Structures are given as structure tokens and as C-alpha cells.
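In what follows, a single structure is set out as C-alpha cells and then discussed.
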Amino acid sequence: MGQVEEVADRLRGLRDALGLTELELSQKCGISEELYRKYESGTADIPVSLVNTIARTFGVEVTALLFGEEPKMTSYFVTRKGCGESVERRDWYKYQSLAAGFAHRMMEPFLVTVEPELERQPVHLSSHDGQEFNYVESGSMEIHIDGKVIALNAGDTIMFDARHPHGMRAIGNEQLRFVAIII
């Protein structure tokens, strides 16, 4: 079973434990029932931002949904270089949690690695409650926010209202690495 299917299983388990129908859960999270069914069946890859919304809405930890483990640390948690819990979104897109073991987080920090695209694909846009902060560690990013296109390079940062449709991709021939913090 792949990671998308594992997250889908945990999502279905959460819904069953809460005694909710697919329609009830989808309405509470502000998405269509049809889209929710795709996420729960594992036929569509659920965005981390929606996992965050579901976790906050129902009082569970994001890491429990993404990785199947409850965080235990409450004073501090160290993530050593290259050792964060990892979710492979697609062959070219990977999320690494930077605080998976810290319980009751007020934010979700990730190290995101994006391989350069061989062919230009349309940018997938999503939106979610809260704010998002991105710091480009290496490479170059093209970020689309509410109809605007902004290029960011190593050392650049951006903070934005995540309720606006947004999406990103690596530009150039270099791998993109950035820290994304979802608040």
C-alpha cells in the first residue's frame, strides 16, 4: 500500500470513529462530497493543507493522519537534518515534517522538495484556512496566489493568506527546497 492509500485509510478510520457520513465530514471541511470520496478512496492525493484543516476541525494531530503515529513530546522536539517524517506526494514532490513528534502544534512546518518539471504542467491551486509562510532554501519557485505569479529564489520568503487560491512549482533545472509553515 502506498502513502496516499495509507492516508486515505486513516482518514476513513477517523470518519468512522467520529460516526460521520462522507457528506457530513466534507461539509465541515468546506469541500464537495465527491472530492472527499476521492481522497478517502485514495484515488486522489489529499493536499497537506486539507489534512491540516481536517486535523484542526476534529481535534486530531496532523502527524496521526499523515504518518499513523501520535506525537508525544510537549516541551521540545528536535528533527535532525534529513530525519523528518516524510510523505512522498508524487515522484517529483516530497514533504518532510519538521515537528512530527511535537504534540499540540500551533503550526505545521515542512521541508518541501520539488524536482524540476521536464514539461510545464498547469499549477494545481488550493486554498485553506489560515496563513502560510514559505522560505526558499535552494532553487527557484514560481508561486501563484490569487491570480498573481511571483518568482522566488534562494533566500526569498513569502507570507500569504492561504484562503486565496495558491500553488507553486520549481522553475529552472535545479531542485527546489523550501520550508513551508502552515499556521
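In the C-alpha cells, chains take letters A, B, ... by order of appearance, with residues numbered from 1 within each chain and ligands from 1 in the order shown.
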Show which residues sit within 10 Å of region 159-175 of chain A, as a short mmCIF file (atom, residue, chain, number, x, y, z; two decimals) with all heavy atoms, in the first residue's frame. Count only C-alpha atoms, and ignore same-chain residues fewer than 4 positions away.
```
data_model
loop_
_atom_site.label_atom_id
_atom_site.label_comp_id
_atom_site.auth_asym_id
_atom_site.auth_seq_id
_atom_site.Cartn_x
_atom_site.Cartn_y
_atom_site.Cartn_z
N SER A 49 -2.58 20.75 3.14
CA SER A 49 -3.38 21.83 3.72
C SER A 49 -4.76 21.33 4.15
O SER A 49 -5.27 21.75 5.19
CB SER A 49 -3.52 22.98 2.72
OG SER A 49 -4.12 22.53 1.52
N TRP A 92 7.91 13.63 -7.97
CA TRP A 92 8.70 14.85 -8.03
C TRP A 92 8.45 15.81 -6.87
O TRP A 92 8.98 16.91 -6.84
CB TRP A 92 8.45 15.57 -9.36
CG TRP A 92 7.00 15.75 -9.68
CD1 TRP A 92 6.18 14.87 -10.34
CD2 TRP A 92 6.16 16.86 -9.34
NE1 TRP A 92 4.90 15.36 -10.42
CE2 TRP A 92 4.87 16.59 -9.82
CE3 TRP A 92 6.39 18.05 -8.67
CZ2 TRP A 92 3.81 17.47 -9.65
CZ3 TRP A 92 5.34 18.93 -8.51
CH2 TRP A 92 4.07 18.63 -9.00
N TYR A 93 7.66 15.39 -5.85
CA TYR A 93 7.21 16.31 -4.80
C TYR A 93 7.23 15.58 -3.46
O TYR A 93 6.54 14.58 -3.30
CB TYR A 93 5.79 16.74 -5.15
CG TYR A 93 5.29 18.00 -4.53
CD1 TYR A 93 5.53 19.22 -5.13
CD2 TYR A 93 4.55 17.98 -3.36
CE1 TYR A 93 5.05 20.40 -4.58
CE2 TYR A 93 4.06 19.14 -2.80
CZ TYR A 93 4.31 20.35 -3.41
OH TYR A 93 3.83 21.50 -2.87
N THR A 113 10.51 19.40 -0.96
CA THR A 113 11.47 19.23 -2.05
C THR A 113 10.70 18.97 -3.33
O THR A 113 9.84 18.09 -3.37
CB THR A 113 12.41 18.03 -1.76
OG1 THR A 113 13.05 18.25 -0.50
CG2 THR A 113 13.46 17.89 -2.85
N VAL A 114 10.99 19.77 -4.35
CA VAL A 114 10.29 19.65 -5.63
C VAL A 114 11.33 19.52 -6.73
O VAL A 114 12.22 20.35 -6.86
CB VAL A 114 9.40 20.89 -5.89
CG1 VAL A 114 8.62 20.74 -7.18
CG2 VAL A 114 8.46 21.15 -4.72
N GLU A 115 11.21 18.45 -7.49
CA GLU A 115 12.11 18.25 -8.63
C GLU A 115 11.65 19.15 -9.78
O GLU A 115 10.46 19.42 -9.92
CB GLU A 115 12.09 16.78 -9.08
CG GLU A 115 12.58 15.82 -8.02
CD GLU A 115 14.02 16.07 -7.59
OE1 GLU A 115 14.83 16.53 -8.42
OE2 GLU A 115 14.34 15.81 -6.42
N PRO A 116 12.59 19.62 -10.60
CA PRO A 116 12.19 20.45 -11.74
C PRO A 116 11.34 19.63 -12.70
O PRO A 116 11.55 18.43 -12.87
CB PRO A 116 13.52 20.87 -12.37
CG PRO A 116 14.54 19.94 -11.84
CD PRO A 116 14.03 19.39 -10.55
N GLU A 117 10.36 20.28 -13.29
CA GLU A 117 9.47 19.60 -14.23
C GLU A 117 10.14 19.50 -15.59
O GLU A 117 10.73 20.46 -16.07
CB GLU A 117 8.16 20.38 -14.38
CG GLU A 117 7.35 20.42 -13.10
CD GLU A 117 6.05 21.19 -13.31
OE1 GLU A 117 5.38 20.97 -14.32
OE2 GLU A 117 5.75 22.02 -12.44
N LEU A 118 10.03 18.33 -16.19
CA LEU A 118 10.55 18.16 -17.55
C LEU A 118 9.65 18.87 -18.55
O LEU A 118 10.10 19.44 -19.52
CB LEU A 118 10.68 16.67 -17.89
CG LEU A 118 11.64 15.90 -16.98
CD1 LEU A 118 11.62 14.42 -17.35
CD2 LEU A 118 13.05 16.45 -17.10
N ARG A 120 6.22 21.59 -18.72
CA ARG A 120 5.41 22.52 -17.93
C ARG A 120 4.01 21.97 -17.78
O ARG A 120 3.32 21.72 -18.74
CB ARG A 120 5.33 23.89 -18.62
CG ARG A 120 6.64 24.64 -18.70
CD ARG A 120 7.04 25.19 -17.42
NE ARG A 120 6.60 26.55 -17.18
CZ ARG A 120 7.10 27.24 -16.19
NH1 ARG A 120 8.03 26.74 -15.44
NH2 ARG A 120 6.68 28.45 -15.97
N GLN A 121 3.60 21.77 -16.55
CA GLN A 121 2.25 21.33 -16.23
C GLN A 121 1.51 22.51 -15.61
O GLN A 121 2.13 23.38 -15.01
CB GLN A 121 2.29 20.17 -15.22
CG GLN A 121 3.03 18.95 -15.71
CD GLN A 121 2.31 18.25 -16.82
OE1 GLN A 121 1.09 18.23 -16.88
NE2 GLN A 121 3.06 17.70 -17.76
N PRO A 122 0.19 22.53 -15.71
CA PRO A 122 -0.54 23.60 -15.03
C PRO A 122 -0.32 23.51 -13.52
O PRO A 122 -0.15 22.43 -12.97
CB PRO A 122 -2.01 23.31 -15.35
CG PRO A 122 -2.02 22.24 -16.38
CD PRO A 122 -0.67 21.61 -16.41
N VAL A 123 -0.26 24.64 -12.86
CA VAL A 123 -0.09 24.69 -11.41
C VAL A 123 -1.41 24.32 -10.76
O VAL A 123 -2.45 24.90 -11.09
CB VAL A 123 0.39 26.08 -10.95
CG1 VAL A 123 0.39 26.18 -9.44
CG2 VAL A 123 1.76 26.38 -11.52
N HIS A 124 -1.37 23.35 -9.85
CA HIS A 124 -2.58 22.96 -9.11
C HIS A 124 -2.79 23.98 -7.99
O HIS A 124 -1.90 24.19 -7.16
CB HIS A 124 -2.43 21.56 -8.53
CG HIS A 124 -3.55 21.18 -7.61
ND1 HIS A 124 -4.79 20.85 -8.08
CD2 HIS A 124 -3.61 21.14 -6.26
CE1 HIS A 124 -5.58 20.60 -7.04
NE2 HIS A 124 -4.88 20.77 -5.93
N LEU A 125 -3.94 24.61 -7.96
CA LEU A 125 -4.26 25.62 -6.95
C LEU A 125 -5.10 25.00 -5.84
O LEU A 125 -5.97 24.16 -6.10
CB LEU A 125 -5.02 26.79 -7.57
CG LEU A 125 -4.30 27.56 -8.67
CD1 LEU A 125 -5.21 28.64 -9.24
CD2 LEU A 125 -3.01 28.16 -8.16
N SER A 126 -4.83 25.41 -4.60
CA SER A 126 -5.65 25.00 -3.47
C SER A 126 -5.79 26.20 -2.55
O SER A 126 -5.10 27.20 -2.70
CB SER A 126 -5.01 23.82 -2.74
OG SER A 126 -3.77 24.20 -2.18
N SER A 127 -6.68 26.08 -1.60
CA SER A 127 -6.84 27.11 -0.59
C SER A 127 -7.24 26.43 0.71
O SER A 127 -7.76 25.31 0.70
CB SER A 127 -7.87 28.15 -1.01
OG SER A 127 -9.13 27.55 -1.20
N HIS A 128 -6.95 27.08 1.82
CA HIS A 128 -7.29 26.54 3.13
C HIS A 128 -7.29 27.69 4.12
O HIS A 128 -6.77 28.77 3.85
CB HIS A 128 -6.29 25.45 3.55
CG HIS A 128 -4.86 25.85 3.45
ND1 HIS A 128 -4.17 26.45 4.48
CD2 HIS A 128 -3.97 25.75 2.43
CE1 HIS A 128 -2.93 26.68 4.11
NE2 HIS A 128 -2.77 26.27 2.86
N ASP A 129 -7.88 27.44 5.27
CA ASP A 129 -7.89 28.47 6.31
C ASP A 129 -6.48 28.75 6.79
O ASP A 129 -5.59 27.92 6.65
CB ASP A 129 -8.74 28.01 7.50
CG ASP A 129 -10.23 28.10 7.22
OD1 ASP A 129 -10.63 28.87 6.32
OD2 ASP A 129 -11.00 27.39 7.88
N GLY A 130 -6.30 29.92 7.34
CA GLY A 130 -5.03 30.26 7.96
C GLY A 130 -4.09 31.01 7.05
O GLY A 130 -4.49 31.60 6.04
N GLN A 131 -2.84 30.98 7.45
CA GLN A 131 -1.79 31.67 6.72
C GLN A 131 -0.69 30.68 6.39
O GLN A 131 -0.61 29.61 7.00
CB GLN A 131 -1.21 32.80 7.57
CG GLN A 131 -2.24 33.85 7.93
CD GLN A 131 -1.71 34.84 8.94
OE1 GLN A 131 -0.77 34.59 9.68
NE2 GLN A 131 -2.33 36.02 8.98
N GLU A 132 0.14 31.04 5.42
CA GLU A 132 1.26 30.19 5.06
C GLU A 132 2.50 31.06 4.86
O GLU A 132 2.41 32.17 4.35
CB GLU A 132 0.94 29.42 3.77
CG GLU A 132 1.95 28.34 3.46
CD GLU A 132 1.46 27.35 2.42
OE1 GLU A 132 0.25 27.06 2.35
OE2 GLU A 132 2.33 26.87 1.66
N PHE A 133 3.62 30.53 5.30
CA PHE A 133 4.91 31.19 5.16
C PHE A 133 5.83 30.23 4.43
O PHE A 133 5.90 29.05 4.77
CB PHE A 133 5.49 31.52 6.54
CG PHE A 133 6.89 32.06 6.50
CD1 PHE A 133 7.11 33.41 6.28
CD2 PHE A 133 7.98 31.23 6.67
CE1 PHE A 133 8.40 33.92 6.24
CE2 PHE A 133 9.28 31.72 6.63
CZ PHE A 133 9.49 33.07 6.41
N ASN A 134 6.51 30.70 3.39
CA ASN A 134 7.48 29.89 2.65
C ASN A 134 8.83 30.59 2.64
O ASN A 134 8.91 31.80 2.39
CB ASN A 134 7.04 29.69 1.20
CG ASN A 134 5.77 28.88 1.02
OD1 ASN A 134 5.25 28.82 -0.07
ND2 ASN A 134 5.25 28.27 2.06
N TYR A 135 9.89 29.82 2.90
CA TYR A 135 11.26 30.30 2.83
C TYR A 135 11.99 29.40 1.84
O TYR A 135 12.08 28.18 2.04
CB TYR A 135 11.95 30.23 4.20
CG TYR A 135 13.45 30.36 4.11
CD1 TYR A 135 14.05 31.60 3.86
CD2 TYR A 135 14.28 29.25 4.24
CE1 TYR A 135 15.42 31.71 3.75
CE2 TYR A 135 15.67 29.36 4.15
CZ TYR A 135 16.23 30.60 3.90
OH TYR A 135 17.59 30.71 3.79
N SER A 138 16.79 26.58 -1.43
CA SER A 138 17.61 26.45 -2.64
C SER A 138 16.70 26.28 -3.85
O SER A 138 15.56 25.83 -3.72
CB SER A 138 18.58 25.27 -2.52
OG SER A 138 17.87 24.06 -2.40
N GLY A 139 17.22 26.65 -5.01
CA GLY A 139 16.43 26.58 -6.23
C GLY A 139 15.57 27.81 -6.41
O GLY A 139 15.75 28.82 -5.72
N SER A 140 14.62 27.70 -7.34
CA SER A 140 13.70 28.81 -7.62
C SER A 140 12.27 28.30 -7.68
O SER A 140 12.02 27.20 -8.17
CB SER A 140 14.06 29.47 -8.95
OG SER A 140 15.34 30.06 -8.89
N MET A 141 11.37 29.13 -7.19
CA MET A 141 9.95 28.78 -7.10
C MET A 141 9.12 29.78 -7.89
O MET A 141 9.40 30.97 -7.88
CB MET A 141 9.52 28.82 -5.63
CG MET A 141 8.02 28.71 -5.41
SD MET A 141 7.50 29.19 -3.72
CE MET A 141 8.18 27.88 -2.74
N GLU A 142 8.12 29.26 -8.55
CA GLU A 142 7.09 30.11 -9.14
C GLU A 142 5.84 29.85 -8.32
O GLU A 142 5.35 28.72 -8.27
CB GLU A 142 6.86 29.72 -10.60
CG GLU A 142 5.79 30.54 -11.28
CD GLU A 142 5.57 30.09 -12.71
OE1 GLU A 142 6.35 30.52 -13.58
OE2 GLU A 142 4.65 29.28 -12.93
N ILE A 143 5.35 30.88 -7.63
CA ILE A 143 4.17 30.72 -6.79
C ILE A 143 3.03 31.54 -7.37
O ILE A 143 3.23 32.68 -7.80
CB ILE A 143 4.46 31.07 -5.31
CG1 ILE A 143 3.26 30.72 -4.43
CG2 ILE A 143 4.90 32.50 -5.14
CD1 ILE A 143 3.59 30.60 -2.95
N HIS A 144 1.88 30.93 -7.44
CA HIS A 144 0.67 31.57 -7.95
C HIS A 144 -0.24 31.81 -6.75
O HIS A 144 -0.56 30.88 -6.02
CB HIS A 144 -0.05 30.65 -8.94
CG HIS A 144 0.76 30.37 -10.17
ND1 HIS A 144 0.29 30.62 -11.42
CD2 HIS A 144 2.00 29.86 -10.33
CE1 HIS A 144 1.21 30.28 -12.31
NE2 HIS A 144 2.26 29.80 -11.67
N ILE A 145 -0.63 33.06 -6.55
CA ILE A 145 -1.51 33.42 -5.45
C ILE A 145 -2.59 34.35 -5.97
O ILE A 145 -2.29 35.47 -6.40
CB ILE A 145 -0.76 34.11 -4.29
CG1 ILE A 145 0.34 33.21 -3.74
CG2 ILE A 145 -1.75 34.48 -3.17
CD1 ILE A 145 1.21 33.88 -2.71
N ASP A 146 -3.81 33.85 -5.96
CA ASP A 146 -4.97 34.68 -6.31
C ASP A 146 -4.78 35.42 -7.63
O ASP A 146 -5.04 36.62 -7.73
CB ASP A 146 -5.25 35.66 -5.17
CG ASP A 146 -6.70 36.11 -5.14
OD1 ASP A 146 -7.56 35.40 -5.72
OD2 ASP A 146 -6.99 37.17 -4.56
N GLY A 147 -4.29 34.70 -8.65
CA GLY A 147 -4.13 35.27 -9.98
C GLY A 147 -2.80 35.96 -10.24
O GLY A 147 -2.51 36.36 -11.36
N LYS A 148 -1.98 36.12 -9.23
CA LYS A 148 -0.65 36.74 -9.40
C LYS A 148 0.40 35.63 -9.48
O LYS A 148 0.28 34.60 -8.84
CB LYS A 148 -0.32 37.63 -8.21
CG LYS A 148 -1.34 38.69 -7.88
CD LYS A 148 -0.91 40.03 -8.40
CE LYS A 148 -1.77 41.17 -7.98
NZ LYS A 148 -3.14 41.17 -8.33
N VAL A 149 1.46 35.87 -10.26
CA VAL A 149 2.56 34.93 -10.38
C VAL A 149 3.82 35.63 -9.87
O VAL A 149 4.18 36.71 -10.35
CB VAL A 149 2.75 34.46 -11.84
CG1 VAL A 149 3.92 33.50 -11.95
CG2 VAL A 149 1.47 33.82 -12.37
N ILE A 150 4.49 35.00 -8.89
CA ILE A 150 5.65 35.60 -8.25
C ILE A 150 6.80 34.60 -8.30
O ILE A 150 6.61 33.43 -7.96
CB ILE A 150 5.33 35.96 -6.78
CG1 ILE A 150 4.11 36.87 -6.71
CG2 ILE A 150 6.54 36.59 -6.09
CD1 ILE A 150 3.41 36.88 -5.37
N ALA A 151 7.98 35.06 -8.71
CA ALA A 151 9.17 34.21 -8.72
C ALA A 151 9.96 34.46 -7.44
O ALA A 151 10.17 35.61 -7.05
CB ALA A 151 10.03 34.51 -9.94
N LEU A 152 10.37 33.39 -6.78
CA LEU A 152 11.18 33.48 -5.56
C LEU A 152 12.44 32.65 -5.76
O LEU A 152 12.40 31.57 -6.34
CB LEU A 152 10.41 32.93 -4.36
CG LEU A 152 9.10 33.63 -4.00
CD1 LEU A 152 8.39 32.87 -2.89
CD2 LEU A 152 9.35 35.06 -3.57
N ASN A 153 13.56 33.16 -5.24
CA ASN A 153 14.85 32.49 -5.34
C ASN A 153 15.38 32.19 -3.95
O ASN A 153 14.82 32.65 -2.95
CB ASN A 153 15.83 33.36 -6.12
CG ASN A 153 15.35 33.60 -7.53
OD1 ASN A 153 15.14 32.66 -8.29
ND2 ASN A 153 15.14 34.86 -7.88
N ALA A 180 7.94 25.32 4.36
CA ALA A 180 6.57 25.82 4.36
C ALA A 180 6.02 25.68 5.76
O ALA A 180 6.10 24.61 6.37
CB ALA A 180 5.73 25.01 3.38
N ILE A 181 5.50 26.77 6.28
CA ILE A 181 4.89 26.76 7.61
C ILE A 181 3.43 27.14 7.44
O ILE A 181 3.12 28.22 6.96
CB ILE A 181 5.59 27.73 8.57
CG1 ILE A 181 7.07 27.32 8.73
CG2 ILE A 181 4.87 27.75 9.93
CD1 ILE A 181 7.90 28.30 9.53
N ILE A 182 2.55 26.21 7.80
CA ILE A 182 1.11 26.44 7.71
C ILE A 182 0.62 26.77 9.12
O ILE A 182 0.82 26.01 10.05
CB ILE A 182 0.39 25.20 7.15
CG1 ILE A 182 0.93 24.87 5.76
CG2 ILE A 182 -1.11 25.43 7.12
CD1 ILE A 182 0.46 23.55 5.21
N ILE A 183 0.00 27.94 9.23
CA ILE A 183 -0.46 28.42 10.54
C ILE A 183 -1.98 28.44 10.55
O ILE A 183 -2.60 28.93 9.65
CB ILE A 183 0.09 29.84 10.82
CG1 ILE A 183 1.60 29.82 10.70
CG2 ILE A 183 -0.34 30.32 12.18
CD1 ILE A 183 2.23 31.17 10.60
#
```
### Task
Would you return as a list of chain:residue names the members of region 32-149 of chain A that DSSP assigns to alpha helix (DSSP H) on this structure's backbone?
A:Glu33, A:Glu34, A:Leu35, A:Tyr36, A:Arg37, A:Lys38, A:Tyr39, A:Glu40, A:Ser41, A:Val48, A:Ser49, A:Leu50, A:Val51, A:Asn52, A:Thr53, A:Ile54, A:Ala55, A:Arg56, A:Thr57, A:Phe58, A:Val62, A:Thr63, A:Ala64, A:Leu65, A:Leu66, A:Phe67
### Task
List the neighbours of region 35-46 of chain A out to 9 Å using only C-alpha atoms; skip same-chain residues closer than 2 positions along the sequence, and give me the result as a list in words.
Val4, Glu5, Glu6, Val7, Ala8, Asp9, Arg10, Leu11, Arg12, Glu22, Leu23, Leu25, Ser26, Ile31, Ser32, Glu33, Val48, Ser49, Leu50, Val51, Arg89 and Arg90 of chain A
### Query
Could you pull out the strand (DSSP E or B) residues of region 18-176 of chain A from DSSP and send them as a PyMOL selection string?
chain A and resi 73+86-90+93-97+102+108-114+126+131-138+140-145+148-153+157-161+166-171+176
